[in-house]
Each structure stands twice: as C-alpha cells, then as structure tokens.
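Enquirer: Sharing upload-v4.pdb here; it has PDB, C-alpha atoms and all ligand atoms.
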```
ATOM      1  CA  MET Q   1     -21.087 -45.760 -23.556  1.00  0.00           C
ATOM      2  CA  THR Q   2     -22.566 -45.097 -20.127  1.00  0.00           C
ATOM      3  CA  LEU Q   3     -21.326 -46.723 -16.956  1.00  0.00           C
ATOM      4  CA  GLU Q   4     -24.045 -47.491 -14.466  1.00  0.00           C
ATOM      5  CA  VAL Q   5     -23.702 -48.780 -10.925  1.00  0.00           C
ATOM      6  CA  ASN Q   6     -26.274 -49.774  -8.345  1.00  0.00           C
ATOM      7  CA  CYS Q   7     -26.656 -47.503  -5.352  1.00  0.00           C
ATOM      8  CA  PRO Q   8     -25.295 -49.505  -2.367  1.00  0.00           C
ATOM      9  CA  THR Q   9     -28.177 -48.284  -0.193  1.00  0.00           C
ATOM     10  CA  CYS Q  10     -31.299 -48.572  -2.335  1.00  0.00           C
ATOM     11  CA  GLN Q  11     -30.019 -50.455  -5.424  1.00  0.00           C
ATOM     12  CA  ASN Q  12     -31.230 -47.758  -7.818  1.00  0.00           C
ATOM     13  CA  LYS Q  13     -29.231 -47.336 -10.994  1.00  0.00           C
ATOM     14  CA  VAL Q  14     -26.696 -44.526 -10.771  1.00  0.00           C
ATOM     15  CA  VAL Q  15     -25.072 -43.134 -13.911  1.00  0.00           C
ATOM     16  CA  TRP Q  16     -21.380 -42.792 -13.143  1.00  0.00           C
ATOM     17  CA  ASN Q  17     -20.301 -39.384 -14.449  1.00  0.00           C
ATOM     18  CA  GLU Q  18     -18.986 -36.025 -13.298  1.00  0.00           C
ATOM     19  CA  SER Q  19     -22.431 -34.743 -12.349  1.00  0.00           C
ATOM     20  CA  ALA Q  20     -23.229 -37.755 -10.139  1.00  0.00           C
ATOM     21  CA  GLU Q  21     -22.076 -35.937  -7.039  1.00  0.00           C
ATOM     22  CA  TYR Q  22     -22.888 -38.722  -4.605  1.00  0.00           C
ATOM     23  CA  ARG Q  23     -21.702 -41.697  -6.641  1.00  0.00           C
ATOM     24  CA  PRO Q  24     -21.756 -44.570  -6.052  1.00  0.00           C
ATOM     25  CA  PHE Q  25     -24.879 -43.455  -4.172  1.00  0.00           C
ATOM     26  CA  CYS Q  26     -27.924 -42.136  -6.024  1.00  0.00           C
ATOM     27  CA  SER Q  27     -28.427 -39.244  -3.587  1.00  0.00           C
ATOM     28  CA  LYS Q  28     -27.119 -37.528  -0.490  1.00  0.00           C
ATOM     29  CA  ARG Q  29     -29.801 -39.311   1.498  1.00  0.00           C
ATOM     30  CA  CYS Q  30     -28.455 -42.726   0.541  1.00  0.00           C
ATOM     31  CA  GLN Q  31     -24.908 -41.601   1.273  1.00  0.00           C
ATOM     32  CA  LEU Q  32     -25.924 -40.452   4.760  1.00  0.00           C
ATOM     33  CA  ILE Q  33     -27.762 -43.696   5.436  1.00  0.00           C
ATOM     34  CA  ASP Q  34     -24.589 -45.578   4.568  1.00  0.00           C
ATOM     35  CA  LEU Q  35     -22.501 -43.373   6.878  1.00  0.00           C
ATOM     36  CA  GLY Q  36     -25.059 -43.967   9.624  1.00  0.00           C
ATOM     37  CA  GLU Q  37     -24.600 -47.685   9.297  1.00  0.00           C
ATOM     38  CA  TRP Q  38     -20.872 -47.128   9.496  1.00  0.00           C
ATOM     39  CA  SER Q  39     -21.176 -45.423  12.897  1.00  0.00           C
ATOM     40  CA  PHE Q  40     -23.530 -48.145  14.049  1.00  0.00           C
ATOM     41  CA  GLU Q  41     -20.813 -50.695  13.279  1.00  0.00           C
ATOM     42  CA  ASN Q  42     -18.437 -48.656  15.407  1.00  0.00           C
ATOM     43  CA  HIS Q  43     -20.828 -48.830  18.339  1.00  0.00           C
ATOM     44  CA  LYS Q  44     -20.954 -52.595  18.057  1.00  0.00           C
ATOM     45  CA  ILE Q  45     -17.157 -52.756  18.125  1.00  0.00           C
ATOM     46  CA  SER Q  46     -16.732 -50.543  21.176  1.00  0.00           C
ATOM     47  CA  SER Q  47     -19.484 -51.932  23.421  1.00  0.00           C
ATOM     48  CA  PRO Q  48     -17.841 -55.262  24.424  1.00  0.00           C
ATOM     49  CA  MET Q  49     -14.910 -53.292  25.878  1.00  0.00           C
ATOM     50  CA  LYS Q  50     -17.064 -52.130  28.764  1.00  0.00           C
ATOM     51  CA  VAL Q  51     -17.820 -55.718  29.721  1.00  0.00           C
ATOM     52  CA  ASP Q  52     -14.239 -56.914  29.534  1.00  0.00           C
ATOM     53  CA  ALA Q  53     -12.056 -54.974  31.948  1.00  0.00           C
ATOM     54  CA  GLU Q  54      -8.870 -56.651  30.824  1.00  0.00           C
ATOM     55  CA  ILE Q  55      -7.547 -54.773  27.813  1.00  0.00           C
ATOM     56  CA  SER Q  56      -4.174 -55.943  26.678  1.00  0.00           C
ATOM     57  CA  ALA Q  57      -1.741 -53.930  24.582  1.00  0.00           C
ATOM     58  CA  ASP Q  58      -2.446 -56.327  21.704  1.00  0.00           C
ATOM     59  CA  MET Q  59      -6.157 -55.526  21.889  1.00  0.00           C
ATOM     60  CA  ILE Q  60      -5.482 -51.798  21.828  1.00  0.00           C
ATOM     61  CA  GLU Q  61      -3.302 -52.272  18.769  1.00  0.00           C
ATOM     62  CA  ASP Q  62      -6.077 -54.237  17.074  1.00  0.00           C
ATOM     63  CA  ILE Q  63      -8.646 -51.593  17.889  1.00  0.00           C
ATOM     64  CA  GLU Q  64      -6.404 -48.798  16.650  1.00  0.00           C
ATOM     65  CA  ALA Q  65      -5.771 -50.649  13.399  1.00  0.00           C
ATOM     66  CA  MET Q  66      -9.508 -51.176  13.018  1.00  0.00           C
ATOM     67  CA  LEU Q  67     -10.256 -47.479  13.605  1.00  0.00           C
ATOM     68  CA  ALA Q  68      -7.530 -46.435  11.171  1.00  0.00           C
ATOM     69  CA  ALA Q  69      -9.029 -48.703   8.509  1.00  0.00           C
ATOM     70  CA  ASN Q  70     -12.469 -47.206   9.140  1.00  0.00           C
ATOM     71  CA  GLU Q  71     -11.107 -43.678   8.851  1.00  0.00           C
ATOM     72  CA  GLN Q  72      -9.523 -44.490   5.529  1.00  0.00           C
ATOM     73  CA  ASP Q  73     -12.886 -45.760   4.286  1.00  0.00           C
ATOM     74  CA  PHE Q  74     -14.568 -42.682   5.652  1.00  0.00           C
ATOM     75  CA  PHE Q  75     -12.274 -40.216   3.877  1.00  0.00           C
ATOM     76  CA  LYS Q  76     -12.014 -42.149   0.614  1.00  0.00           C
ATOM     77  CA  GLU Q  77     -14.297 -39.705  -1.250  1.00  0.00           C
TER      78      GLU Q  77
HETATM   79 ZN    ZN Q 101     -29.924 -44.765  -3.383  1.00  0.00          ZN
END
```
Translate this file's structure into structure tokens.

Expert:
Amino acid sequence: MTLEVNCPTCQNKVVWNESAEYRPFCSKRCQLIDLGEWSFENHKISSPMKVDAEISADMIEDIEAMLAANEQDFFKE
C-alpha cells in the first residue's frame, strides 16, 4: 500500500516514503515557496506595530506567543 499526499504548494501527488525528502512537498522548490509565504505572513503581522505607538505588555506577550508558535512550525521538520 502506498500513501500519497498532495503537495501543499502545487497540489501534485507526493508519495510519502523515506526517499521523499521534501514531503509533504513534492520538491525543494515547493518547500521554499511555502517558507516564503511564511515570512510574508510575518511581515503582515509586524507592520501595524509601526502605526500604533502604544504597545502594551499584553500585546508584547501576544506577539511573543505568536512568534514562538511560528518557530515551532518552522522547525517541525
Ligand atoms: Zn509541489
């Protein structure tokens, strides 16, 4: 039996086995595209801070929690 998943970036079928180095992505290219989108999300999170000068301790806690969650995603492989 073969387990197949769809590449999150291009939706190609990826056979899930030891040799599928970039699973669940079909290729390094698709993996990098996904990481690029991840950093783009980070930019969107950080930009409103420049507009709002009032940063409360609660906000900093929220942001730190958000960054920690992102890092965990990032290092999951
Ligand atoms: Zn792909």

Enquirer: In Å, with one decimal, what is the gap from atom CA of Phe25 of chain Q to atom CA of Pro8 of chain Q?

Expert: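 That distance, rounded to one decimal, is 6.3 Å.
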
Enquirer: Calculate how many Å separate atom CA of Pro24 of chain Q from atom CA of Val5 of chain Q, rounding to one decimal.

Expert: 6.7 Å

Enquirer: Select the residues contacting ligand ZN 101 (chain Q) at a distance of at most 8 Å, based on all atoms listed in the file, then format the selection as number ranges by chain.

Expert: Q: 6-12, 25-27, 29-31

Enquirer: Counting all atoms listed in the file, which residue out of Q:Glu4, Q:Glu37, Q:Glu71, Q:Asp58 sits closest to Asn17 of chain Q?

Expert: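 Closest to Asn17 of chain Q of all the choices is Q:Glu4.
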
Enquirer: Could you please determine the separation between atom CA of Leu3 of chain Q and atom CA of Ser19 of chain Q in Å, to one decimal place?

Expert: 12.9 Å
